[in-house]
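As provided, final.cif (mmCIF, C-alpha atoms) reads as follows.
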```cif
data_my_file
#
loop_
_atom_site.group_PDB
_atom_site.id
_atom_site.type_symbol
_atom_site.label_atom_id
_atom_site.label_comp_id
_atom_site.auth_asym_id
_atom_site.auth_seq_id
_atom_site.Cartn_x
_atom_site.Cartn_y
_atom_site.Cartn_z
ATOM 1 C CA MET A 337 105.281 101.246 102.447
ATOM 2 C CA LYS A 338 105.240 98.488 105.007
ATOM 3 C CA GLY A 339 102.206 96.288 105.467
ATOM 4 C CA SER A 340 101.654 97.590 109.003
ATOM 5 C CA ARG A 341 98.533 99.602 108.102
ATOM 6 C CA LEU A 342 97.034 96.551 106.428
ATOM 7 C CA LYS A 343 97.878 94.450 109.508
ATOM 8 C CA ALA A 344 96.237 97.032 111.767
ATOM 9 C CA ILE A 345 93.067 96.915 109.675
ATOM 10 C CA LYS A 346 93.030 93.109 109.839
ATOM 11 C CA SER A 347 93.499 93.308 113.608
ATOM 12 C CA ILE A 348 90.569 95.722 113.968
ATOM 13 C CA ALA A 349 88.479 93.576 111.653
ATOM 14 C CA GLY A 350 89.277 90.511 113.779
ATOM 15 C CA ARG A 351 87.965 92.281 116.878
ATOM 16 C CA GLY A 352 84.783 93.127 114.984
ATOM 17 C CA ARG A 353 84.184 89.469 114.165
ATOM 18 C CA ALA A 354 84.666 88.527 117.825
ATOM 19 C CA ALA A 355 82.059 91.121 118.831
ATOM 20 C CA HIS A 356 79.660 89.606 116.298
ATOM 21 C CA ARG A 357 79.649 86.256 118.137
ATOM 22 C CA GLY A 358 78.095 88.094 121.046
ATOM 23 C CA GLY A 359 77.955 85.213 123.547
ATOM 24 C CA GLY A 360 74.206 85.422 124.166
ATOM 25 C CA ARG A 361 74.232 88.749 125.970
ATOM 26 C CA PRO A 362 71.054 90.837 125.750
ATOM 27 C CA GLY A 363 71.156 92.867 122.567
ATOM 28 C CA ALA A 364 74.068 90.824 121.178
ATOM 29 C CA ASP A 365 72.321 90.407 117.821
ATOM 30 C CA ALA A 366 72.010 94.173 117.429
ATOM 31 C CA ILE A 367 75.635 94.649 118.465
ATOM 32 C CA GLY A 368 76.673 91.871 116.094
ATOM 33 C CA ALA A 369 74.752 93.407 113.208
ATOM 34 C CA ALA A 370 76.317 96.811 113.889
ATOM 35 C CA ALA A 371 79.773 95.239 114.076
ATOM 36 C CA GLY A 372 79.147 93.394 110.806
ATOM 37 C CA THR A 373 78.112 96.630 109.109
ATOM 38 C CA ALA A 374 81.169 98.377 110.524
ATOM 39 C CA LEU A 375 83.304 95.537 109.182
ATOM 40 C CA LEU A 376 81.869 95.957 105.701
ATOM 41 C CA ASP A 377 82.470 99.704 105.877
ATOM 42 C CA LEU A 378 86.000 99.140 107.174
ATOM 43 C CA ARG A 379 86.686 96.596 104.442
ATOM 44 C CA SER A 380 85.475 98.945 101.719
ATOM 45 C CA VAL A 381 87.571 101.795 103.151
ATOM 46 C CA GLU A 382 90.655 99.555 103.286
ATOM 47 C CA LEU A 383 89.999 98.278 99.761
ATOM 48 C CA ARG A 384 89.693 101.869 98.475
ATOM 49 C CA ARG A 385 92.937 102.820 100.258
ATOM 50 C CA LEU A 386 94.710 99.778 98.847
ATOM 51 C CA THR A 387 93.303 100.518 95.383
ATOM 52 C CA GLY A 388 94.777 104.014 95.679
ATOM 53 C CA ILE A 389 98.182 102.517 96.463
ATOM 54 C CA VAL A 390 98.319 99.801 93.801
ATOM 55 C CA GLY A 391 96.181 101.671 91.278
ATOM 56 C CA ASP A 392 93.846 98.798 90.401
ATOM 57 C CA GLU A 393 90.795 97.613 92.345
ATOM 58 C CA ALA A 394 91.024 94.019 91.112
ATOM 59 C CA LEU A 395 94.706 93.854 92.100
ATOM 60 C CA ALA A 396 93.894 95.423 95.472
ATOM 61 C CA GLY A 397 91.321 92.685 96.112
ATOM 62 C CA ARG A 398 93.811 89.966 95.204
ATOM 63 C CA VAL A 399 96.506 91.556 97.392
ATOM 64 C CA GLU A 400 94.049 91.755 100.275
ATOM 65 C CA LYS A 401 93.340 88.013 99.972
ATOM 66 C CA LEU A 402 97.061 87.214 99.758
ATOM 67 C CA ALA A 403 97.640 89.256 102.927
ATOM 68 C CA LEU A 404 95.474 86.809 104.835
ATOM 69 C CA ARG A 405 97.674 83.945 103.625
ATOM 70 C CA PHE A 406 100.978 85.807 104.154
ATOM 71 C CA PRO A 407 100.391 88.197 107.082
ATOM 72 C CA ASN A 408 104.057 89.264 107.335
ATOM 73 C CA ALA A 409 104.383 90.210 103.667
ATOM 74 C CA THR A 410 104.273 93.835 102.538
ATOM 75 C CA ILE A 411 101.875 95.238 99.950
ATOM 76 C CA PRO A 412 104.660 95.611 97.338
ATOM 77 C CA GLU A 413 105.734 91.983 97.899
ATOM 78 C CA LEU A 414 102.173 90.774 97.504
ATOM 79 C CA SER A 415 101.762 92.827 94.320
ATOM 80 C CA VAL A 416 104.837 91.090 92.899
ATOM 81 C CA TYR A 417 103.612 87.700 94.140
ATOM 82 C CA ASP A 418 100.327 88.274 92.311
ATOM 83 C CA TRP A 419 102.120 89.250 89.086
ATOM 84 C CA LEU A 420 104.396 86.194 89.113
ATOM 85 C CA ARG A 421 101.469 83.887 89.761
ATOM 86 C CA ARG A 422 99.409 85.463 86.966
ATOM 87 C CA GLN A 423 102.401 85.116 84.594
ATOM 88 C CA GLN A 424 102.660 81.435 85.622
ATOM 89 C CA VAL A 425 106.274 81.855 86.725
ATOM 90 C CA GLU A 426 107.383 79.256 89.263
ATOM 91 C CA PHE A 427 109.051 80.787 92.303
ATOM 92 C CA THR A 428 109.817 80.386 95.969
ATOM 93 C CA PHE A 429 108.462 83.164 98.152
ATOM 94 C CA GLN A 430 110.650 84.296 101.042
ATOM 95 C CA GLY A 431 113.282 81.604 100.818
ATOM 96 C CA GLU A 432 116.160 81.396 103.253
ATOM 97 C CA PHE A 433 119.809 82.321 102.758
ATOM 98 C CA GLY A 434 122.622 81.959 105.284
ATOM 99 C CA GLY A 435 120.298 81.019 108.130
ATOM 100 C CA GLY A 436 117.539 83.455 107.236
ATOM 101 C CA ARG A 437 116.447 85.841 109.959
ATOM 102 C CA SER A 438 117.674 83.541 112.727
ATOM 103 C CA LEU A 439 121.405 84.072 112.071
ATOM 104 C CA ARG A 440 123.392 87.285 111.871
ATOM 105 C CA GLY A 441 124.238 87.914 108.216
ATOM 106 C CA GLY A 442 121.387 85.711 107.046
ATOM 107 C CA ALA A 443 118.722 86.930 104.665
ATOM 108 C CA VAL A 444 115.264 86.146 103.391
ATOM 109 C CA PRO A 445 115.203 86.803 99.636
ATOM 110 C CA ASP A 446 111.675 87.768 98.659
ATOM 111 C CA PHE A 447 111.530 85.677 95.478
ATOM 112 C CA VAL A 448 113.776 82.945 94.099
ATOM 113 C CA ILE A 449 113.088 82.071 90.464
ATOM 114 C CA ASP A 450 114.695 79.122 88.675
ATOM 115 C CA GLN A 451 115.157 79.830 84.977
ATOM 116 C CA GLY A 452 116.525 76.468 83.920
ATOM 117 C CA GLY A 453 119.734 76.426 85.896
ATOM 118 C CA HIS A 454 120.105 80.207 86.160
ATOM 119 C CA GLY A 455 118.592 81.523 89.356
ATOM 120 C CA LEU A 456 117.176 84.969 89.875
ATOM 121 C CA VAL A 457 116.663 86.477 93.294
ATOM 122 C CA TRP A 458 114.241 89.375 93.509
ATOM 123 C CA ARG A 459 114.449 91.637 96.522
ATOM 124 C CA VAL A 460 111.516 94.009 96.950
ATOM 125 C CA GLN A 461 112.994 97.174 98.424
ATOM 126 C CA GLY A 462 110.957 99.747 100.328
ATOM 127 C CA GLU A 463 111.930 103.346 99.602
ATOM 128 C CA TYR A 464 112.192 104.447 103.214
ATOM 129 C CA TRP A 465 114.265 101.658 104.678
ATOM 130 C CA HIS A 466 116.518 100.641 101.802
ATOM 131 C CA SER A 467 117.381 104.179 100.667
ATOM 132 C CA ARG A 468 119.189 104.952 103.928
ATOM 133 C CA LEU A 469 122.957 105.141 103.578
ATOM 134 C CA GLY A 470 123.941 102.394 106.044
ATOM 135 C CA ASN A 471 121.281 100.059 104.718
ATOM 136 C CA ARG A 472 122.392 100.553 101.100
ATOM 137 C CA ASP A 473 125.838 99.272 102.087
ATOM 138 C CA LYS A 474 124.327 96.244 103.845
ATOM 139 C CA ASP A 475 122.081 95.546 100.843
ATOM 140 C CA LEU A 476 125.050 95.637 98.469
ATOM 141 C CA ALA A 477 127.050 93.261 100.679
ATOM 142 C CA GLN A 478 124.075 90.915 100.858
ATOM 143 C CA LYS A 479 123.620 91.043 97.082
ATOM 144 C CA ILE A 480 127.280 90.110 96.543
ATOM 145 C CA ALA A 481 127.043 87.307 99.134
ATOM 146 C CA MET A 482 123.963 85.754 97.481
ATOM 147 C CA THR A 483 125.356 85.755 93.943
ATOM 148 C CA GLY A 484 126.693 82.312 93.038
ATOM 149 C CA GLN A 485 125.151 80.602 96.083
ATOM 150 C CA ASN A 486 122.437 77.955 96.206
ATOM 151 C CA ILE A 487 119.184 79.215 97.657
ATOM 152 C CA ASN A 488 116.347 76.710 97.910
ATOM 153 C CA GLY A 489 118.191 74.428 95.485
ATOM 154 C CA VAL A 490 118.686 77.151 92.867
ATOM 155 C CA ARG A 491 122.134 78.502 91.953
ATOM 156 C CA VAL A 492 121.781 82.300 91.991
ATOM 157 C CA GLY A 493 123.272 84.078 88.993
ATOM 158 C CA THR A 494 121.556 87.437 89.374
ATOM 159 C CA VAL A 495 120.100 89.439 92.249
ATOM 160 C CA VAL A 496 117.607 92.091 91.145
ATOM 161 C CA ASP A 497 116.361 94.863 93.404
ATOM 162 C CA ILE A 498 112.797 95.925 92.687
ATOM 163 C CA TRP A 499 111.784 99.213 94.250
ATOM 164 C CA GLU A 500 108.418 99.860 95.847
ATOM 165 C CA ARG A 501 107.701 103.043 93.858
ATOM 166 C CA ASP A 502 108.481 101.282 90.564
ATOM 167 C CA ILE A 503 106.036 98.503 91.451
ATOM 168 C CA TYR A 504 103.280 101.046 92.044
ATOM 169 C CA GLN A 505 104.049 103.336 89.106
ATOM 170 C CA ARG A 506 105.044 100.877 86.377
ATOM 171 C CA ARG A 507 104.576 97.359 87.646
ATOM 172 C CA GLU A 508 104.395 95.551 84.303
ATOM 173 C CA HIS A 509 107.536 97.161 82.860
ATOM 174 C CA THR A 510 109.494 96.848 86.109
ATOM 175 C CA LEU A 511 108.707 93.160 86.573
ATOM 176 C CA ARG A 512 109.318 92.246 82.919
ATOM 177 C CA MET A 513 112.746 93.877 83.185
ATOM 178 C CA ALA A 514 113.377 92.033 86.461
ATOM 179 C CA LEU A 515 112.422 88.731 84.825
ATOM 180 C CA ALA A 516 115.132 89.466 82.247
ATOM 181 C CA GLY A 517 117.566 90.033 85.136
ATOM 182 C CA ALA A 518 117.699 93.819 84.937
ATOM 183 C CA SER A 519 117.005 96.379 87.658
ATOM 184 C CA ILE A 520 115.243 99.606 86.716
ATOM 185 C CA ARG A 521 117.614 101.528 88.981
ATOM 186 C CA GLU A 522 120.751 100.731 90.943
#
```

File written out as structure tokens:
Amino acid sequence: MKGSRLKAIKSIAGRGRAAHRGGGRPGADAIGAAAGTALLDLRSVELRRLTGIVGDEALAGRVEKLALRFPNATIPELSVYDWLRRQQVEFTFQGEFGGGRSLRGGAVPDFVIDQGGHGLVWRVQGEYWHSRLGNRDKDLAQKIAMTGQNINGVRVGTVVDIWERDIYQRREHTLRMALAGASIRE
């Protein structure tokens, strides 16, 4: 799942805060109070929806806070970010390879982890986009191209694909396997 629904909620919430400022119009306080209440309701609805996705209310709250810091990140990426941080693993989030998004053939690996000279790249793969036939071929070519290269000062030995569904259904197992350099599925 892409983070677009979360971004839409944040966008709506931002408009609610602007309405709360009111600008001194007659009845602005009442409008502001109603907007504030709507914001709280919207936030609790979004938190419940996010809890349903990630399966843990505390994690959903942490992911929601991370989304404010990294507005272009997806929910699965932020779930992984949270796990790495809680495990005290040092990493680079959304590093740059081959020119990143600005050059054709470039890439933005989601996580680059230095394990004492052996680098791991984790790519968080969404089911919809990365399961498509043409994209699987591009992903494989990118994986081959990254292996052995230096990304953010780390020589990459292994590229691990972590799938969205695996993050949601068995996050701990999936990420422990990934930390050992193994993908749950190919």

Tell me, in Å to one decimal, how far CA of Trp465 (chain A) is from CA of Arg421 (chain A).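 Separating CA of Trp465 (chain A) from CA of Arg421 (chain A) is a distance of 26.5 Å.
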
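Residues lying within 7 Å of Trp499 (chain A), counting all atoms listed in the file and ignoring same-chain neighbours fewer than 6 positions away, are Val460, Gln461, Gly462 and Glu463 of chain A.
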
How would you write as a ChimeraX atom specification the residues that get within 6 Å of (99.0, 104.7, 91.4) in the file's frame, counting all atoms listed in the file? /A:389-391,504-505

Which residues, named as in the file, does the PyMOL selection byres ((chain A and resi 427) around 12) pick out? Answer as a PyMOL selection string. chain A and resi 416-426+428-431+445-451+455-458+487-490+515

When distances are computed from only C-alpha atoms, which of A:Ile520, A:Ala481, A:Leu383, A:Leu511 shows the smallest separation from Pro412 (chain A)?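 Of the candidates, the smallest distance to Pro412 (chain A) is held by A:Leu511.
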
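A straight line drawn from CA of Met482 (chain A) to CA of Val495 (chain A) is 7.5 Å long.
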
Given only C-alpha atoms as the basis, pick out the residue of A:Arg501, A:Arg512, A:Arg472, A:Arg398 nearest to Leu386 (chain A). A:Arg398

For Tyr464 (chain A), which residue among A:Gly388, A:Glu500, A:Ala477, A:Glu393 is the nearest when counting all atoms listed in the file?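 Of A:Gly388, A:Glu500, A:Ala477, A:Glu393, the one nearest Tyr464 (chain A) is A:Glu500, counting all atoms listed in the file.
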
Can you measure CA of Gly493 (chain A) to CA of Ile411 (chain A) for me? One decimal in Å is fine.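 Rounded to one decimal, the two atoms are 26.5 Å apart.
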
Write region 384-395 of chain A as a PDB file, in the coordinates of the input, completed to all heavy atoms.
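Final output, saved to part-v8.pdb:
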```
ATOM      1  N   ARG A 384      89.494 100.612  99.211  1.00  0.00           N
ATOM      2  CA  ARG A 384      89.693 101.869  98.475  1.00  0.00           C
ATOM      3  C   ARG A 384      91.102 102.417  98.699  1.00  0.00           C
ATOM      4  O   ARG A 384      91.758 102.878  97.782  1.00  0.00           O
ATOM      5  CB  ARG A 384      88.652 102.915  98.888  1.00  0.00           C
ATOM      6  CG  ARG A 384      87.298 102.707  98.224  1.00  0.00           C
ATOM      7  CD  ARG A 384      86.409 103.935  98.351  1.00  0.00           C
ATOM      8  NE  ARG A 384      86.230 104.423  99.703  1.00  0.00           N
ATOM      9  CZ  ARG A 384      85.305 103.995 100.550  1.00  0.00           C
ATOM     10  NH1 ARG A 384      84.459 103.057 100.188  1.00  0.00           N
ATOM     11  NH2 ARG A 384      85.204 104.504 101.759  1.00  0.00           N
ATOM     12  N   ARG A 385      91.591 102.348  99.952  1.00  0.00           N
ATOM     13  CA  ARG A 385      92.937 102.820 100.258  1.00  0.00           C
ATOM     14  C   ARG A 385      93.964 101.980  99.508  1.00  0.00           C
ATOM     15  O   ARG A 385      94.868 102.508  98.875  1.00  0.00           O
ATOM     16  CB  ARG A 385      93.213 102.746 101.762  1.00  0.00           C
ATOM     17  CG  ARG A 385      94.564 103.359 102.142  1.00  0.00           C
ATOM     18  CD  ARG A 385      94.980 103.033 103.558  1.00  0.00           C
ATOM     19  NE  ARG A 385      95.312 101.644 103.751  1.00  0.00           N
ATOM     20  CZ  ARG A 385      96.460 101.068 103.338  1.00  0.00           C
ATOM     21  NH1 ARG A 385      97.356 101.769 102.717  1.00  0.00           N
ATOM     22  NH2 ARG A 385      96.696  99.803 103.582  1.00  0.00           N
ATOM     23  N   LEU A 386      93.788 100.675  99.534  1.00  0.00           N
ATOM     24  CA  LEU A 386      94.710  99.778  98.847  1.00  0.00           C
ATOM     25  C   LEU A 386      94.646  99.990  97.337  1.00  0.00           C
ATOM     26  O   LEU A 386      95.670  99.985  96.658  1.00  0.00           O
ATOM     27  CB  LEU A 386      94.365  98.329  99.210  1.00  0.00           C
ATOM     28  CG  LEU A 386      95.374  97.259  98.872  1.00  0.00           C
ATOM     29  CD1 LEU A 386      96.750  97.591  99.418  1.00  0.00           C
ATOM     30  CD2 LEU A 386      94.903  95.918  99.420  1.00  0.00           C
ATOM     31  N   THR A 387      93.457 100.226  96.807  1.00  0.00           N
ATOM     32  CA  THR A 387      93.303 100.518  95.383  1.00  0.00           C
ATOM     33  C   THR A 387      94.067 101.790  95.028  1.00  0.00           C
ATOM     34  O   THR A 387      94.722 101.863  93.995  1.00  0.00           O
ATOM     35  CB  THR A 387      91.813 100.670  95.011  1.00  0.00           C
ATOM     36  OG1 THR A 387      91.149  99.447  95.308  1.00  0.00           O
ATOM     37  CG2 THR A 387      91.633 101.007  93.546  1.00  0.00           C
ATOM     38  N   GLY A 388      94.019 102.785  95.912  1.00  0.00           N
ATOM     39  CA  GLY A 388      94.777 104.014  95.679  1.00  0.00           C
ATOM     40  C   GLY A 388      96.276 103.770  95.634  1.00  0.00           C
ATOM     41  O   GLY A 388      96.992 104.389  94.865  1.00  0.00           O
ATOM     42  N   ILE A 389      96.747 102.819  96.427  1.00  0.00           N
ATOM     43  CA  ILE A 389      98.182 102.517  96.463  1.00  0.00           C
ATOM     44  C   ILE A 389      98.598 101.753  95.215  1.00  0.00           C
ATOM     45  O   ILE A 389      99.555 102.125  94.544  1.00  0.00           O
ATOM     46  CB  ILE A 389      98.548 101.710  97.723  1.00  0.00           C
ATOM     47  CG1 ILE A 389      98.379 102.574  98.965  1.00  0.00           C
ATOM     48  CG2 ILE A 389      99.977 101.166  97.638  1.00  0.00           C
ATOM     49  CD1 ILE A 389      98.493 101.807 100.269  1.00  0.00           C
ATOM     50  N   VAL A 390      97.892 100.661  94.910  1.00  0.00           N
ATOM     51  CA  VAL A 390      98.319  99.801  93.801  1.00  0.00           C
ATOM     52  C   VAL A 390      97.724 100.228  92.465  1.00  0.00           C
ATOM     53  O   VAL A 390      98.177  99.763  91.419  1.00  0.00           O
ATOM     54  CB  VAL A 390      98.027  98.298  94.078  1.00  0.00           C
ATOM     55  CG1 VAL A 390      98.793  97.818  95.274  1.00  0.00           C
ATOM     56  CG2 VAL A 390      96.550  98.025  94.212  1.00  0.00           C
ATOM     57  N   GLY A 391      96.718 101.098  92.502  1.00  0.00           N
ATOM     58  CA  GLY A 391      96.181 101.671  91.278  1.00  0.00           C
ATOM     59  C   GLY A 391      95.212 100.792  90.506  1.00  0.00           C
ATOM     60  O   GLY A 391      94.913 101.076  89.354  1.00  0.00           O
ATOM     61  N   ASP A 392      94.708  99.735  91.115  1.00  0.00           N
ATOM     62  CA  ASP A 392      93.846  98.798  90.401  1.00  0.00           C
ATOM     63  C   ASP A 392      92.996  98.069  91.436  1.00  0.00           C
ATOM     64  O   ASP A 392      93.532  97.365  92.299  1.00  0.00           O
ATOM     65  CB  ASP A 392      94.745  97.827  89.620  1.00  0.00           C
ATOM     66  CG  ASP A 392      94.014  96.705  88.916  1.00  0.00           C
ATOM     67  OD1 ASP A 392      92.798  96.533  89.113  1.00  0.00           O
ATOM     68  OD2 ASP A 392      94.680  95.972  88.166  1.00  0.00           O
ATOM     69  N   GLU A 393      91.676  98.209  91.339  1.00  0.00           N
ATOM     70  CA  GLU A 393      90.795  97.613  92.345  1.00  0.00           C
ATOM     71  C   GLU A 393      90.865  96.091  92.349  1.00  0.00           C
ATOM     72  O   GLU A 393      90.866  95.464  93.408  1.00  0.00           O
ATOM     73  CB  GLU A 393      89.348  98.067  92.144  1.00  0.00           C
ATOM     74  CG  GLU A 393      88.435  97.599  93.250  1.00  0.00           C
ATOM     75  CD  GLU A 393      87.039  98.171  93.165  1.00  0.00           C
ATOM     76  OE1 GLU A 393      86.814  99.134  92.417  1.00  0.00           O
ATOM     77  OE2 GLU A 393      86.163  97.633  93.869  1.00  0.00           O
ATOM     78  N   ALA A 394      90.942  95.483  91.172  1.00  0.00           N
ATOM     79  CA  ALA A 394      91.024  94.019  91.112  1.00  0.00           C
ATOM     80  C   ALA A 394      92.320  93.533  91.768  1.00  0.00           C
ATOM     81  O   ALA A 394      92.316  92.569  92.542  1.00  0.00           O
ATOM     82  CB  ALA A 394      90.940  93.531  89.668  1.00  0.00           C
ATOM     83  N   LEU A 395      93.427  94.203  91.484  1.00  0.00           N
ATOM     84  CA  LEU A 395      94.706  93.854  92.100  1.00  0.00           C
ATOM     85  C   LEU A 395      94.628  94.057  93.609  1.00  0.00           C
ATOM     86  O   LEU A 395      95.095  93.222  94.378  1.00  0.00           O
ATOM     87  CB  LEU A 395      95.848  94.694  91.513  1.00  0.00           C
ATOM     88  CG  LEU A 395      97.209  94.568  92.195  1.00  0.00           C
ATOM     89  CD1 LEU A 395      97.714  93.133  92.166  1.00  0.00           C
ATOM     90  CD2 LEU A 395      98.213  95.506  91.527  1.00  0.00           C
TER      91      LEU A 395
END
```
